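*Asks:* Quick one: the structure is below, and I'll ask about it shortly.
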Amino acid sequence: MAAFRSASDIATAVRSGATRAADVLDEHLARIDERESEIHAFNTVIADRARARAATIDDEVSAGRDPGPLAGVPIALKDNMCTRGVATTCSSRILEGWIPPYDGTVVTMLHDAGAIVVGKTNLDEFAMGSSTENSAFGPTRNPHDPTRVPGGSSGGSAAAVAAGFAALSFGSDTGGSIRQPAALCGVVGVKPTYGRVSRYGLVAFASSLDQIGPFTRTVADAALALQVVSGHDPRDSTSIPEPLPDYSALLDAGVDRLRIGRISDLPTGADPDVVERIDHAFDTLAAAGATIVDVEVPAFGYGLTAYYLIAPAEASSNLARYDGVRYGMRVEAPDTNSMYSATRAEGFGAEVKRRILLGTYALSAGYYDAYYGKALKIRRLMAQDFARAYEQVDVLITPSSPSVAFPIGSKTADPLAMYLCDTYTIPANLTGDPGMSVPFGTGADGLPVGVQVLAAALGEPVMLQVAATLERAVAATAGVTAGVTAGVTT
Amino acid sequence: MPARLTSDEVAKVAYLARLQLSDDEIGLATEQLGAMLEHFADIDALDLDRIEPMTQPYPLVNVMRDDVVQPGLDRDEVLAAAPQVEDGRFRVPPIGGDA
């Protein structure tokens, strides 16, 4: 796969007048024309709107104004982020054709920073899945090997960056839906601290877990993207009212004397090729001057159970709004109750129904204490265990995904096998701490492997610092890992 | 953990969730959800009696904004998205059915 320009390079060139936003956009649209029919990263491409917007950006630069830190950067948005005037489907039949009457806060911030939206990307329906196969509009394919999944649920956003359709994209991460597809597509993916990025205008899946974050080709681009979209939003009552750090400040600082945690009781199940890369990441960081510290996180292994009770419980409540009354589709019936039931039966896909049933059951009288109540207590244990670990280390390193990208169709018949894809990413959603995946070479069949870097709440700067060090190590051996190397720009 | 999930329980939950399911769908859901709940029994090994439940990561309480009038969404734009409207309102079928 060719190396594409980073968002930082594009913005610098457009702001200085050295490159026209219209030309940058055309390069990206040409790649979409060439490969989108094969990859299916998008539910909607808005080429005409994007061209008009690029012309506006170029006019601003000509007039001596600065369009902002993402000037002329073509971006893609997961199709669960509300965009005024542009269909937002959540890859569900139930919302097909819905045109939001407002922009999400992140969408507004990106616009104000000079970014150009090229389209809305495919996802597992309502972000429920780990392969983007649960989309009502068909699966997205992995640009590294189109017979394989891109991961999920933000598979379209990950694939769009990997295929050069956009220089930067955004997804949402409820249990790993940014980090896992980033790993499988060989790009950088960040789930920020819960509350750091506004969720206003993000269609809710599990409100206490959902967080918006970027997919990028470089760690520096991730820092730039976070700088633009982070910050307090009065329209999101879970938004953190704390000042923002400079996310780029530590990118070149190295890891000398940092304490890197290795979780000694990490759940097993990662494939040997992935484990080998993670071991190599520890060696790389140690060689760069970091101290590797073994820590225990006993609750880690219970994360999957807690998550698959809490997330469906919250989803069953959040998705009650799709009832055929205010938006989306309706199946006509003689009374409201049968209209609701028929509409939801036809509008939702199998995985969404499964999770609504599971969540409703976990919350129902007689089972609440045994399931949902216990899951909330495990969530507390998890937070306590991680807090103890972060007293001893600056970051933790784990695999992002137990395996490289798997063949399309190989896990669809066994929901539980699909859920196990989230084993390593789920804890950060339960605790609210930040996590990211950074490409770190290849595993089986030459496919990308991602290293997950986890940090304590609001620890994005040190997390990015460690990821940047791993990225430089990969770039130093670029001959071996050509094609999945982040940080290479033309 | 409670006893193995039955198809009657799934049918009841489907009604509570307003999901019209066929007998085949209920059968499959009973099997799949049952397998999941068995897998989730791993947490029975934990002593959680003295652990406080945690509902959200960041402890913010009673978040308020100033009581200042702000523009809302455009009514026509919002109603345009609805399956059926009448006289500026959402139209629904009769509520008193016996579904």
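Naming scheme: A, B, ... for chains in displayed order of the structure tokens; residues 1 onward per chain; ligands 1 onward as shown.
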Give me, as a tab-separated table, the closest atom pair and its distance (Å, one decimal) for every residue of chain B within a cut-off of 7 Å of chain A, counting only C-alpha atoms, rows sorted by chain and rising number.

*Replies:*
```
residue	atom	partner	partner_atom	distance
B:Met1	CA	A:Ala370	CA	6.2
B:Val13	CA	A:Tyr361	CA	6.1
B:Ala14	CA	A:Leu357	CA	6.2
B:Ala17	CA	A:Thr360	CA	6.6
B:Arg18	CA	A:Ser341	CA	4.5
B:Leu19	CA	A:Ser341	CA	4.6
B:Gln20	CA	A:Ser341	CA	4.9
B:Leu21	CA	A:Ala345	CA	6.8
B:Ala29	CA	A:Arg354	CA	6.8
B:Leu33	CA	A:Leu358	CA	6.8
B:Met36	CA	A:Leu416	CA	6.7
B:Phe40	CA	A:Thr305	CA	5.1
B:Ile43	CA	A:Tyr302	CA	6.7
B:Leu48	CA	A:Lys377	CA	6.6
B:Ile51	CA	A:Lys377	CA	5.8
B:Glu52	CA	A:Lys377	CA	5.9
B:Pro53	CA	A:Lys377	CA	4.2
B:Met54	CA	A:Leu376	CA	5.1
B:Thr55	CA	A:Leu376	CA	6.3
B:Gln56	CA	A:Ser208	CA	5.4
B:Pro57	CA	A:Gly432	CA	5.0
B:Leu60	CA	A:Thr238	CA	6.9
B:Val63	CA	A:Ser237	CA	5.9
B:Leu73	CA	A:Pro101	CA	6.9
B:Glu77	CA	A:Pro101	CA	6.1
B:Val78	CA	A:Pro101	CA	6.3
B:Ala81	CA	A:Tyr327	CA	5.0
B:Ala82	CA	A:Tyr327	CA	4.4
B:Pro83	CA	A:Arg330	CA	6.3
B:Phe90	CA	A:Val325	CA	6.7
B:Val92	CA	A:Val325	CA	6.7
B:Pro93	CA	A:Asp335	CA	5.0
B:Pro94	CA	A:Asp335	CA	4.9
B:Ile95	CA	A:Thr336	CA	5.2
B:Gly96	CA	A:Asp335	CA	6.8
B:Gly97	CA	A:Asp335	CA	5.0
B:Ala99	CA	A:Ser338	CA	5.6
```

*Asks:* Go through A:Asp33, A:Glu125, A:Gly213, A:Val149 and flag the residue nearest Val107 (chain A), using only C-alpha atoms for the distances.

*Replies:*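 The answer is A:Gly213, which sits nearest to Val107 (chain A).
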